[in-house]
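K.L.:
Please find upload11.pdb (PDB, C-alpha atoms, pLDDT in the B column) on the next line:
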ATOM      1  CA  MET N   1    -161.455 111.762 110.687  1.00 67.00           C
ATOM      2  CA  ASP N   2    -160.986 108.592 108.658  1.00 93.00           C
ATOM      3  CA  TYR N   3    -158.946 105.588 109.733  1.00 93.00           C
ATOM      4  CA  LEU N   4    -155.989 106.063 107.374  1.00 91.00           C
ATOM      5  CA  THR N   5    -155.568 109.655 108.573  1.00 92.00           C
ATOM      6  CA  GLN N   6    -155.352 108.297 112.117  1.00 94.00           C
ATOM      7  CA  VAL N   7    -152.689 105.811 110.999  1.00 93.00           C
ATOM      8  CA  GLN N   8    -150.727 108.666 109.400  1.00 92.00           C
ATOM      9  CA  LYS N   9    -150.904 110.594 112.675  1.00 94.00           C
ATOM     10  CA  VAL N  10    -149.467 107.617 114.552  1.00 94.00           C
ATOM     11  CA  VAL N  11    -146.640 107.351 112.010  1.00 93.00           C
ATOM     12  CA  ASN N  12    -145.947 111.074 112.442  1.00 91.00           C
ATOM     13  CA  LEU N  13    -145.852 110.642 116.229  1.00 92.00           C
ATOM     14  CA  ILE N  14    -143.321 107.831 115.874  1.00 91.00           C
ATOM     15  CA  LEU N  15    -141.183 109.759 113.387  1.00 90.00           C
ATOM     16  CA  GLU N  16    -141.337 113.187 115.019  1.00 90.00           C
ATOM     17  CA  ILE N  17    -141.224 112.319 118.702  1.00 88.00           C
ATOM     18  CA  GLU N  18    -140.232 108.745 119.456  1.00 86.00           C
ATOM     19  CA  LEU N  19    -137.416 108.245 116.942  1.00 84.00           C
ATOM     20  CA  PRO N  20    -135.617 111.520 117.728  1.00 84.00           C
ATOM     21  CA  GLN N  21    -135.840 110.831 121.471  1.00 82.00           C
ATOM     22  CA  LEU N  22    -135.191 107.114 121.563  1.00 75.00           C
ATOM     23  CA  GLY N  23    -133.146 106.538 118.429  1.00 71.00           C
ATOM     24  CA  ASN N  24    -130.928 109.612 118.535  1.00 73.00           C
ATOM     25  CA  ILE N  25    -132.263 110.637 115.133  1.00 77.00           C
ATOM     26  CA  ASP N  26    -131.745 114.267 114.248  1.00 77.00           C
ATOM     27  CA  PHE N  27    -135.160 115.917 113.858  1.00 77.00           C
ATOM     28  CA  ALA N  28    -133.957 117.377 110.558  1.00 77.00           C
ATOM     29  CA  ASN N  29    -133.960 113.827 109.131  1.00 79.00           C
ATOM     30  CA  VAL N  30    -137.598 113.116 109.984  1.00 83.00           C
ATOM     31  CA  ARG N  31    -138.810 114.481 106.645  1.00 82.00           C
ATOM     32  CA  LYS N  32    -136.399 112.156 104.835  1.00 81.00           C
ATOM     33  CA  LEU N  33    -137.636 109.180 106.862  1.00 83.00           C
ATOM     34  CA  ARG N  34    -141.246 110.050 106.019  1.00 84.00           C
ATOM     35  CA  SER N  35    -140.281 110.335 102.357  1.00 82.00           C
ATOM     36  CA  LEU N  36    -138.460 106.997 102.545  1.00 81.00           C
ATOM     37  CA  LEU N  37    -141.614 105.384 103.977  1.00 85.00           C
ATOM     38  CA  SER N  38    -143.699 106.790 101.122  1.00 84.00           C
ATOM     39  CA  VAL N  39    -141.269 105.429  98.550  1.00 80.00           C
ATOM     40  CA  VAL N  40    -141.192 102.003 100.223  1.00 81.00           C
ATOM     41  CA  SER N  41    -144.985 101.811 100.486  1.00 85.00           C
ATOM     42  CA  SER N  42    -145.368 102.703  96.816  1.00 80.00           C
ATOM     43  CA  GLY N  43    -143.114  99.834  95.676  1.00 74.00           C
ATOM     44  CA  VAL N  44    -144.223  96.385  94.530  1.00 68.00           C
ATOM     45  CA  PRO N  45    -142.611  95.226  96.969  1.00 72.00           C
ATOM     46  CA  PHE N  46    -139.715  97.583  97.238  1.00 66.00           C
ATOM     47  CA  ALA N  47    -136.507  96.160  95.800  1.00 70.00           C
ATOM     48  CA  VAL N  48    -133.569  97.664  97.606  1.00 79.00           C
ATOM     49  CA  ASP N  49    -130.947  99.765  95.854  1.00 81.00           C
ATOM     50  CA  ILE N  50    -129.102 101.492  98.699  1.00 83.00           C
ATOM     51  CA  SER N  51    -126.750 103.359  96.359  1.00 83.00           C
ATOM     52  CA  LYS N  52    -129.647 104.844  94.382  1.00 80.00           C
ATOM     53  CA  MET N  53    -131.491 105.740  97.588  1.00 76.00           C
ATOM     54  CA  ALA N  54    -128.374 107.409  98.971  1.00 76.00           C
ATOM     55  CA  HIS N  55    -127.753 109.360  95.764  1.00 76.00           C
ATOM     56  CA  THR N  56    -131.391 110.491  95.478  1.00 70.00           C
ATOM     57  CA  SER N  57    -131.639 111.596  99.099  1.00 67.00           C
ATOM     58  CA  GLY N  58    -128.176 113.118  99.331  1.00 71.00           C
ATOM     59  CA  ARG N  59    -127.279 110.759 102.185  1.00 77.00           C
ATOM     60  CA  THR N  60    -124.522 108.214 102.556  1.00 82.00           C
ATOM     61  CA  HIS N  61    -124.915 104.458 102.163  1.00 84.00           C
ATOM     62  CA  ASN N  62    -124.463 104.066 105.932  1.00 84.00           C
ATOM     63  CA  ASN N  63    -127.155 106.701 106.638  1.00 81.00           C
ATOM     64  CA  ILE N  64    -129.714 104.843 104.518  1.00 82.00           C
ATOM     65  CA  VAL N  65    -128.902 101.507 106.159  1.00 85.00           C
ATOM     66  CA  ALA N  66    -129.210 103.163 109.587  1.00 83.00           C
ATOM     67  CA  TYR N  67    -132.550 104.784 108.640  1.00 83.00           C
ATOM     68  CA  LEU N  68    -133.937 101.449 107.482  1.00 86.00           C
ATOM     69  CA  SER N  69    -132.742  99.849 110.692  1.00 87.00           C
ATOM     70  CA  HIS N  70    -134.487 102.521 112.766  1.00 86.00           C
ATOM     71  CA  LEU N  71    -137.719 102.156 110.781  1.00 89.00           C
ATOM     72  CA  SER N  72    -137.562  98.405 111.274  1.00 90.00           C
ATOM     73  CA  ARG N  73    -136.887  98.747 114.984  1.00 88.00           C
ATOM     74  CA  VAL N  74    -140.052 100.820 115.477  1.00 89.00           C
ATOM     75  CA  HIS N  75    -142.026  98.331 113.339  1.00 91.00           C
ATOM     76  CA  LEU N  76    -142.871 100.598 110.443  1.00 93.00           C
ATOM     77  CA  VAL N  77    -141.079  98.404 107.900  1.00 93.00           C
ATOM     78  CA  HIS N  78    -140.043  94.785 107.725  1.00 93.00           C
ATOM     79  CA  LEU N  79    -136.635  94.103 106.194  1.00 92.00           C
ATOM     80  CA  LEU N  80    -136.279  90.796 104.342  1.00 92.00           C
ATOM     81  CA  TYR N  81    -132.899  89.177 103.770  1.00 90.00           C
ATOM     82  CA  SER N  82    -132.061  86.210 101.563  1.00 86.00           C
ATOM     83  CA  ASP N  83    -129.855  84.684 104.263  1.00 68.00           C
ATOM     84  CA  VAL N  84    -130.371  85.696 107.878  1.00 59.00           C
ATOM     85  CA  VAL N  85    -127.035  84.309 109.077  1.00 63.00           C
ATOM     86  CA  ASN N  86    -124.864  85.854 106.374  1.00 60.00           C
ATOM     87  CA  LEU N  87    -122.741  88.992 106.696  1.00 56.00           C
ATOM     88  CA  LYS N  88    -124.813  90.415 103.843  1.00 54.00           C
ATOM     89  CA  ARG N  89    -127.418  91.251 106.460  1.00 53.00           C
ATOM     90  CA  MET N  90    -125.167  94.030 107.701  1.00 57.00           C
ATOM     91  CA  GLN N  91    -124.979  95.560 104.226  1.00 68.00           C
ATOM     92  CA  LYS N  92    -128.563  95.769 102.990  1.00 80.00           C
ATOM     93  CA  PRO N  93    -131.872  93.930 102.951  1.00 88.00           C
ATOM     94  CA  ASP N  94    -133.091  92.233  99.766  1.00 89.00           C
ATOM     95  CA  LYS N  95    -136.670  93.491 100.047  1.00 89.00           C
ATOM     96  CA  ILE N  96    -138.502  96.007 102.181  1.00 90.00           C
ATOM     97  CA  PHE N  97    -142.146  95.600 103.143  1.00 92.00           C
ATOM     98  CA  MET N  98    -144.297  97.890 105.201  1.00 92.00           C
ATOM     99  CA  GLU N  99    -144.929  96.253 108.560  1.00 94.00           C
ATOM    100  CA  ILE N 100    -148.697  96.001 108.071  1.00 92.00           C
ATOM    101  CA  SER N 101    -151.038  96.581 105.155  1.00 91.00           C
ATOM    102  CA  ASN N 102    -152.747  99.491 106.942  1.00 92.00           C
ATOM    103  CA  LEU N 103    -149.424 101.363 106.849  1.00 93.00           C
ATOM    104  CA  LEU N 104    -149.118 100.435 103.206  1.00 91.00           C
ATOM    105  CA  HIS N 105    -152.435 102.138 102.425  1.00 91.00           C
ATOM    106  CA  ALA N 106    -151.821 105.128 104.688  1.00 92.00           C
ATOM    107  CA  MET N 107    -148.357 105.989 103.374  1.00 90.00           C
ATOM    108  CA  SER N 108    -148.509 105.031  99.683  1.00 88.00           C
ATOM    109  CA  LEU N 109    -148.442 107.769  97.068  1.00 85.00           C
ATOM    110  CA  VAL N 110    -150.136 105.513  94.490  1.00 89.00           C
ATOM    111  CA  PRO N 111    -152.978 102.980  94.678  1.00 91.00           C
ATOM    112  CA  VAL N 112    -151.790  99.833  96.466  1.00 90.00           C
ATOM    113  CA  LYS N 113    -151.481  96.757  94.272  1.00 90.00           C
ATOM    114  CA  VAL N 114    -153.289  93.692  95.575  1.00 92.00           C
ATOM    115  CA  GLY N 115    -150.161  91.532  95.206  1.00 91.00           C
ATOM    116  CA  THR N 116    -148.171  93.885  97.427  1.00 91.00           C
ATOM    117  CA  GLU N 117    -150.941  93.850 100.011  1.00 93.00           C
ATOM    118  CA  ARG N 118    -151.042  90.032 100.014  1.00 94.00           C
ATOM    119  CA  LYS N 119    -147.290  89.752 100.508  1.00 94.00           C
ATOM    120  CA  THR N 120    -147.254  92.429 103.207  1.00 94.00           C
ATOM    121  CA  PHE N 121    -149.997  90.611 105.112  1.00 95.00           C
ATOM    122  CA  PHE N 122    -148.225  87.255 104.750  1.00 96.00           C
ATOM    123  CA  VAL N 123    -144.863  88.589 105.980  1.00 95.00           C
ATOM    124  CA  ASN N 124    -146.499  90.349 108.930  1.00 95.00           C
ATOM    125  CA  GLN N 125    -148.375  87.269 110.072  1.00 95.00           C
ATOM    126  CA  LEU N 126    -145.465  84.827 109.742  1.00 95.00           C
ATOM    127  CA  ALA N 127    -142.657  87.066 111.036  1.00 93.00           C
ATOM    128  CA  TYR N 128    -144.327  87.224 114.440  1.00 89.00           C
ATOM    129  CA  ARG N 129    -143.196  83.682 115.312  1.00 93.00           C
ATOM    130  CA  HIS N 130    -141.123  82.455 112.380  1.00 94.00           C
ATOM    131  CA  THR N 131    -137.990  83.361 110.465  1.00 94.00           C
ATOM    132  CA  VAL N 132    -139.026  84.854 107.137  1.00 94.00           C
ATOM    133  CA  GLU N 133    -136.385  85.172 104.430  1.00 94.00           C
ATOM    134  CA  TYR N 134    -136.456  86.333 100.842  1.00 91.00           C
ATOM    135  CA  ALA N 135    -136.461  83.181  98.695  1.00 88.00           C
ATOM    136  CA  LYS N 136    -134.569  82.729  95.461  1.00 82.00           C
ATOM    137  CA  GLN N 137    -137.389  80.442  94.253  1.00 83.00           C
ATOM    138  CA  GLY N 138    -140.842  81.515  95.338  1.00 86.00           C
ATOM    139  CA  ASP N 139    -141.536  84.590  97.433  1.00 90.00           C
ATOM    140  CA  PHE N 140    -140.522  83.573 100.944  1.00 93.00           C
ATOM    141  CA  LEU N 141    -138.535  80.946 102.809  1.00 94.00           C
ATOM    142  CA  ILE N 142    -140.031  80.213 106.214  1.00 95.00           C
ATOM    143  CA  ASP N 143    -137.832  78.799 108.978  1.00 94.00           C
ATOM    144  CA  ARG N 144    -135.221  77.937 106.319  1.00 93.00           C
ATOM    145  CA  GLN N 145    -137.422  75.032 105.221  1.00 93.00           C
ATOM    146  CA  TYR N 146    -140.777  75.954 103.670  1.00 94.00           C
ATOM    147  CA  THR N 147    -141.082  77.912 100.426  1.00 93.00           C
ATOM    148  CA  PHE N 148    -144.197  80.046 100.018  1.00 94.00           C
ATOM    149  CA  GLU N 149    -145.680  82.195  97.326  1.00 93.00           C
ATOM    150  CA  ALA N 150    -148.456  84.623  98.121  1.00 92.00           C
ATOM    151  CA  GLY N 151    -150.883  85.067  95.265  1.00 90.00           C
ATOM    152  CA  GLY N 152    -154.416  84.895  93.982  1.00 88.00           C
ATOM    153  CA  GLN N 153    -156.698  81.914  93.700  1.00 85.00           C
ATOM    154  CA  HIS N 154    -155.378  80.970  90.244  1.00 83.00           C
ATOM    155  CA  LYS N 155    -151.695  80.817  91.262  1.00 80.00           C
ATOM    156  CA  ASP N 156    -150.269  77.366  90.571  1.00 74.00           C
ATOM    157  CA  VAL N 157    -147.163  75.376  91.495  1.00 64.00           C
ATOM    158  CA  LYS N 158    -145.593  75.288  88.029  1.00 64.00           C
ATOM    159  CA  GLN N 159    -143.170  78.064  88.990  1.00 60.00           C
ATOM    160  CA  ARG N 160    -141.817  76.000  91.865  1.00 61.00           C
ATOM    161  CA  ALA N 161    -141.542  72.630  90.156  1.00 62.00           C
ATOM    162  CA  GLY N 162    -138.907  70.585  91.951  1.00 73.00           C
ATOM    163  CA  VAL N 163    -138.855  72.781  95.082  1.00 80.00           C
ATOM    164  CA  LYS N 164    -139.331  70.702  98.207  1.00 85.00           C
ATOM    165  CA  ASP N 165    -141.937  71.876 100.743  1.00 89.00           C
ATOM    166  CA  ALA N 166    -143.419  74.526  98.418  1.00 91.00           C
ATOM    167  CA  TYR N 167    -146.824  76.032  99.181  1.00 93.00           C
ATOM    168  CA  ILE N 168    -149.094  78.793  97.960  1.00 93.00           C
ATOM    169  CA  ALA N 169    -150.787  81.246 100.306  1.00 94.00           C
ATOM    170  CA  ALA N 170    -153.754  81.947  98.047  1.00 94.00           C
ATOM    171  CA  ASP N 171    -156.135  84.848  98.351  1.00 94.00           C
ATOM    172  CA  GLY N 172    -159.728  84.311  97.269  1.00 92.00           C
ATOM    173  CA  ILE N 173    -160.128  80.683  98.345  1.00 94.00           C
ATOM    174  CA  GLU N 174    -162.035  79.373 101.357  1.00 94.00           C
ATOM    175  CA  TYR N 175    -160.317  76.086 102.108  1.00 93.00           C
ATOM    176  CA  ALA N 176    -156.998  74.354 101.513  1.00 93.00           C
ATOM    177  CA  LEU N 177    -156.547  72.112  98.518  1.00 89.00           C
ATOM    178  CA  GLY N 178    -153.263  70.287  97.977  1.00 88.00           C
ATOM    179  CA  ASN N 179    -150.462  72.740  98.596  1.00 90.00           C
ATOM    180  CA  LYS N 180    -152.742  75.809  98.400  1.00 93.00           C
ATOM    181  CA  ILE N 181    -153.552  77.320 101.759  1.00 95.00           C
ATOM    182  CA  PRO N 182    -156.062  80.182 102.076  1.00 96.00           C
ATOM    183  CA  LEU N 183    -154.224  83.412 102.823  1.00 96.00           C
ATOM    184  CA  TRP N 184    -156.770  84.390 105.463  1.00 95.00           C
ATOM    185  CA  LEU N 185    -155.816  81.354 107.569  1.00 95.00           C
ATOM    186  CA  PHE N 186    -152.378  82.872 108.212  1.00 95.00           C
ATOM    187  CA  GLY N 187    -154.144  85.610 110.163  1.00 93.00           C
ATOM    188  CA  PHE N 188    -154.710  83.060 112.940  1.00 92.00           C
ATOM    189  CA  LEU N 189    -150.948  82.684 113.479  1.00 88.00           C
ATOM    190  CA  TYR N 190    -150.524  86.099 115.056  1.00 73.00           C
TER     191      TYR N 190
END
Do you think you could lay out the structure here as structure tokens?

P.N.:
Amino acid sequence: MDYLTQVQKVVNLILEIELPQLGNIDFANVRKLRSLLSVVSSGVPFAVDISKMAHTSGRTHNNIVAYLSHLSRVHLVHLLYSDVVNLKRMQKPDKIFMEISNLLHAMSLVPVKVGTERKTFFVNQLAYRHTVEYAKQGDFLIDRQYTFEAGGQHKDVKQRAGVKDAYIAADGIEYALGNKIPLWLFGFLY
């Protein structure tokens, strides 16, 4: 059996056994949660439209928010908010990422885009010890101070001109140069 099939089995165990027992999730909703994970993993990254998700799934706004909360609590998804201290956090996240890139590959219905994989990896590595927020300029705001963009080796700072403490987590480079930090180095933070 290949690795991604094993990952899918672990996800099924979490959805079918752990969530219904520990999260008081009705077993009838497990299929919808699995479907929600597939939709999220197929996004680039998934921009949240709770109303559309509720309409499509036949669930209420509150159900969808609760499902996302449960999936976040069991570390299948990572919910990103643009302001972690705002009341908006109770309404909906701004972006949804799979918790790790292995889940992204195991659950996606379409080939995974390299940009989504980079961002998923970056969020996973930083969220372990830091506050990661969705940034209005750049991709991420770390600890409410540092702005990061995750991208390829040719990504430049022109998009963030005038943004203080702006950096690039660049894939495909071996060493740091200026404000470009190799993406692989963030793997040592975990």

K.L.:
Set the distance at 12 Å and use all atoms listed in the file: which residues neighbour Ala66 (chain N) once local chain neighbours fewer than 5 positions away are removed? I'd like the list as a PyMOL selection string.

P.N.:
chain N and resi 23-25+29+33+50+54+59-61+71-73+90-93

K.L.:
Which residues come within 12 Å of Pro111 (chain N), counting only C-alpha atoms, excluding same-chain residues fewer than 3 positions away, as a list in words?

P.N.:
Ser38, Ser41, Ser42, Gly43, Val44, Leu104, His105, Ala106, Met107, Ser108, Val114, Gly115, Thr116 and Glu117 of chain N

K.L.:
May I have the selected residues written with C-alpha atoms, as a compact mmCIF listing (two decimals), in the frame of the given file?

P.N.:
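Result file result.txt:
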# COMPACT_ATOMS: atom_id res chain seq x y z
CA SER N 38 -143.70 106.79 101.12
CA SER N 41 -144.99 101.81 100.49
CA SER N 42 -145.37 102.70 96.82
CA GLY N 43 -143.11 99.83 95.68
CA VAL N 44 -144.22 96.38 94.53
CA LEU N 104 -149.12 100.44 103.21
CA HIS N 105 -152.44 102.14 102.42
CA ALA N 106 -151.82 105.13 104.69
CA MET N 107 -148.36 105.99 103.37
CA SER N 108 -148.51 105.03 99.68
CA VAL N 114 -153.29 93.69 95.58
CA GLY N 115 -150.16 91.53 95.21
CA THR N 116 -148.17 93.88 97.43
CA GLU N 117 -150.94 93.85 100.01

K.L.:
Near Glu133 (chain N), within 10 Å and counting only C-alpha atoms, which residues show up once chain neighbours fewer than 6 positions away are dropped, as a PDB file with C-alpha atoms, in the coordinates of the input?

P.N.:
ATOM      1  CA  LEU N  79    -136.635  94.103 106.194  1.00 92.00           C
ATOM      2  CA  LEU N  80    -136.279  90.796 104.342  1.00 92.00           C
ATOM      3  CA  TYR N  81    -132.899  89.177 103.770  1.00 90.00           C
ATOM      4  CA  SER N  82    -132.061  86.210 101.563  1.00 86.00           C
ATOM      5  CA  ASP N  83    -129.855  84.684 104.263  1.00 68.00           C
ATOM      6  CA  VAL N  84    -130.371  85.696 107.878  1.00 59.00           C
ATOM      7  CA  PRO N  93    -131.872  93.930 102.951  1.00 88.00           C
ATOM      8  CA  ASP N  94    -133.091  92.233  99.766  1.00 89.00           C
ATOM      9  CA  LYS N  95    -136.670  93.491 100.047  1.00 89.00           C
ATOM     10  CA  VAL N 123    -144.863  88.589 105.980  1.00 95.00           C
ATOM     11  CA  ALA N 127    -142.657  87.066 111.036  1.00 93.00           C
ATOM     12  CA  ASP N 139    -141.536  84.590  97.433  1.00 90.00           C
ATOM     13  CA  PHE N 140    -140.522  83.573 100.944  1.00 93.00           C
ATOM     14  CA  LEU N 141    -138.535  80.946 102.809  1.00 94.00           C
ATOM     15  CA  ILE N 142    -140.031  80.213 106.214  1.00 95.00           C
ATOM     16  CA  ASP N 143    -137.832  78.799 108.978  1.00 94.00           C
ATOM     17  CA  ARG N 144    -135.221  77.937 106.319  1.00 93.00           C
ATOM     18  CA  THR N 147    -141.082  77.912 100.426  1.00 93.00           C
TER      19      THR N 147
END

K.L.:
Starting from the PyMOL selection byres ((chain N and resi 30) around 10), expand the selection into actual residues of this file and give them as a list in words.

P.N.:
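Applying the PyMOL selection byres ((chain N and resi 30) around 10) to the structure shown produces Asn12, Ile14, Leu15, Glu16, Ile17, Leu19, Pro20, Ile25, Asp26, Phe27, Ala28, Asn29, Arg31, Lys32, Leu33, Arg34, Ser35, Leu36 and Tyr67 of chain N.
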
K.L.:
Could you please determine the separation between CA of Val10 (chain N) and CA of Tyr128 (chain N) in Å, to one decimal place?

P.N.:
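So the two atoms, CA of Val10 (chain N) and CA of Tyr128 (chain N), lie 21.0 Å apart.
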
K.L.:
If I take CA of Asn62 (chain N) and CA of Leu13 (chain N), how far is one from the other in Å, to one decimal?

P.N.:
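Pair CA of Asn62 (chain N) / CA of Leu13 (chain N) returns 24.6 Å.
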
K.L.:
Go through N:Phe188, N:Ser51, N:Thr131, N:Gly151 and flag the residue nearest Asn63 (chain N), using all atoms listed in the file for the distances.

P.N.:
N:Ser51

K.L.:
Work out how far apart CA of Ile168 (chain N) and CA of Phe148 (chain N) are and give it in Å to one decimal.

P.N.:
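So the answer is 5.5 Å.
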
K.L.:
Got a sec to resolve the PyMOL selection byres ((chain N and resi 154) around 12) on this structure and send the residues as a ChimeraX atom specification?

P.N.:
/N:150-153,155-158,168-173,180,182

K.L.:
Between N:Asn179, N:Gln21, N:Leu37, N:Gly162, which one has atoms that come closest to Met98 (chain N), using all atoms listed in the file?

P.N.:
N:Leu37

K.L.:
So which one's closest to Glu18 (chain N), N:His70, N:Phe97, N:Leu185, N:Leu126? Using all atoms listed in the file, please.

P.N.:
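Nearest candidate to Glu18 (chain N) out of N:His70, N:Phe97, N:Leu185, N:Leu126: N:His70.
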
K.L.:
Between N:Ser69, N:Thr120, N:Asn102, N:Gln125, which has the minimum distance to Gln8 (chain N) (counting all atoms listed in the file)?

P.N.:
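Looking only at the distances to Gln8 (chain N), the closest residue turns out to be N:Asn102.
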
K.L.:
So, counting all atoms listed in the file, which residue among N:Tyr146, N:Ile100, N:Lys113, N:Leu189 is closest to Arg129 (chain N)?

P.N.:
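Looking only at the distances to Arg129 (chain N), the closest residue turns out to be N:Leu189.
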
K.L.:
To test your reading of the syntax: which residues would the PyMOL selection byres ((chain N and resi 137) around 8) return for the file shown? Reply as a list in words.

P.N.:
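Answer for the PyMOL selection byres ((chain N and resi 137) around 8): Ala135, Lys136, Gly138, Asp139, Thr147, Arg160 and Val163 of chain N.
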
K.L.:
Counting all atoms listed in the file, which of N:Leu4, N:Ile64, N:His75, N:Val132 gets nearest to Val48 (chain N)?

P.N.:
N:Ile64

K.L.:
Edge lengths and centre, in Å to one decimal, as AutoDock Vina command-line options: that's what I need for the box along x, y and z that holds all listed atoms of region 32-39 of chain N plus 3 Å on each side.

P.N.:
--center_x -140.0 --center_y 108.8 --center_z 102.7 --size_x 13.3 --size_y 12.8 --size_z 14.3

K.L.:
Complete region 33-52 of chain N at the level of N, CA and C atoms, written as a PDB file, keeping the file's coordinate frame.

P.N.:
ATOM      1  N   LEU N  33    -137.091 110.476 106.459  1.00 83.00           N
ATOM      2  CA  LEU N  33    -137.636 109.180 106.862  1.00 83.00           C
ATOM      3  C   LEU N  33    -139.074 109.024 106.372  1.00 83.00           C
ATOM      4  N   ARG N  34    -139.865 110.088 106.496  1.00 84.00           N
ATOM      5  CA  ARG N  34    -141.246 110.050 106.019  1.00 84.00           C
ATOM      6  C   ARG N  34    -141.264 109.827 104.504  1.00 84.00           C
ATOM      7  N   SER N  35    -140.383 110.503 103.804  1.00 82.00           N
ATOM      8  CA  SER N  35    -140.281 110.335 102.357  1.00 82.00           C
ATOM      9  C   SER N  35    -139.860 108.907 102.003  1.00 82.00           C
ATOM     10  N   LEU N  36    -138.908 108.371 102.757  1.00 81.00           N
ATOM     11  CA  LEU N  36    -138.460 106.997 102.545  1.00 81.00           C
ATOM     12  C   LEU N  36    -139.616 106.019 102.747  1.00 81.00           C
ATOM     13  N   LEU N  37    -140.443 106.235 103.751  1.00 85.00           N
ATOM     14  CA  LEU N  37    -141.614 105.384 103.977  1.00 85.00           C
ATOM     15  C   LEU N  37    -142.590 105.456 102.807  1.00 85.00           C
ATOM     16  N   SER N  38    -142.791 106.644 102.269  1.00 84.00           N
ATOM     17  CA  SER N  38    -143.699 106.790 101.122  1.00 84.00           C
ATOM     18  C   SER N  38    -143.167 106.051  99.904  1.00 84.00           C
ATOM     19  N   VAL N  39    -141.877 106.129  99.687  1.00 80.00           N
ATOM     20  CA  VAL N  39    -141.269 105.429  98.550  1.00 80.00           C
ATOM     21  C   VAL N  39    -141.398 103.920  98.738  1.00 80.00           C
ATOM     22  N   VAL N  40    -141.107 103.444  99.938  1.00 81.00           N
ATOM     23  CA  VAL N  40    -141.192 102.003 100.223  1.00 81.00           C
ATOM     24  C   VAL N  40    -142.621 101.506 100.062  1.00 81.00           C
ATOM     25  N   SER N  41    -143.589 102.257 100.554  1.00 85.00           N
ATOM     26  CA  SER N  41    -144.985 101.811 100.486  1.00 85.00           C
ATOM     27  C   SER N  41    -145.537 101.868  99.067  1.00 85.00           C
ATOM     28  N   SER N  42    -144.905 102.611  98.199  1.00 80.00           N
ATOM     29  CA  SER N  42    -145.368 102.703  96.816  1.00 80.00           C
ATOM     30  C   SER N  42    -144.744 101.647  95.914  1.00 80.00           C
ATOM     31  N   GLY N  43    -143.786 100.880  96.447  1.00 74.00           N
ATOM     32  CA  GLY N  43    -143.114  99.834  95.676  1.00 74.00           C
ATOM     33  C   GLY N  43    -143.936  98.580  95.567  1.00 74.00           C
ATOM     34  N   VAL N  44    -143.426  97.581  94.818  1.00 68.00           N
ATOM     35  CA  VAL N  44    -144.223  96.385  94.530  1.00 68.00           C
ATOM     36  C   VAL N  44    -143.469  95.083  94.724  1.00 68.00           C
ATOM     37  N   PRO N  45    -143.077  94.522  95.784  1.00 72.00           N
ATOM     38  CA  PRO N  45    -142.611  95.226  96.969  1.00 72.00           C
ATOM     39  C   PRO N  45    -141.283  95.904  96.651  1.00 72.00           C
ATOM     40  N   PHE N  46    -140.850  96.729  97.530  1.00 66.00           N
ATOM     41  CA  PHE N  46    -139.715  97.583  97.238  1.00 66.00           C
ATOM     42  C   PHE N  46    -138.416  96.790  97.167  1.00 66.00           C
ATOM     43  N   ALA N  47    -137.820  96.777  95.983  1.00 70.00           N
ATOM     44  CA  ALA N  47    -136.507  96.160  95.800  1.00 70.00           C
ATOM     45  C   ALA N  47    -135.458  97.179  96.228  1.00 70.00           C
ATOM     46  N   VAL N  48    -134.495  96.749  96.960  1.00 79.00           N
ATOM     47  CA  VAL N  48    -133.569  97.664  97.606  1.00 79.00           C
ATOM     48  C   VAL N  48    -132.372  97.985  96.714  1.00 79.00           C
ATOM     49  N   ASP N  49    -132.147  99.272  96.510  1.00 81.00           N
ATOM     50  CA  ASP N  49    -130.947  99.765  95.854  1.00 81.00           C
ATOM     51  C   ASP N  49    -130.426 100.900  96.739  1.00 81.00           C
ATOM     52  N   ILE N  50    -129.601 100.537  97.709  1.00 83.00           N
ATOM     53  CA  ILE N  50    -129.102 101.492  98.699  1.00 83.00           C
ATOM     54  C   ILE N  50    -128.341 102.634  98.041  1.00 83.00           C
ATOM     55  N   SER N  51    -127.541 102.325  97.038  1.00 83.00           N
ATOM     56  CA  SER N  51    -126.750 103.359  96.359  1.00 83.00           C
ATOM     57  C   SER N  51    -127.662 104.392  95.706  1.00 83.00           C
ATOM     58  N   LYS N  52    -128.703 103.928  95.033  1.00 80.00           N
ATOM     59  CA  LYS N  52    -129.647 104.844  94.382  1.00 80.00           C
ATOM     60  C   LYS N  52    -130.388 105.675  95.429  1.00 80.00           C
TER      61      LYS N  52
END
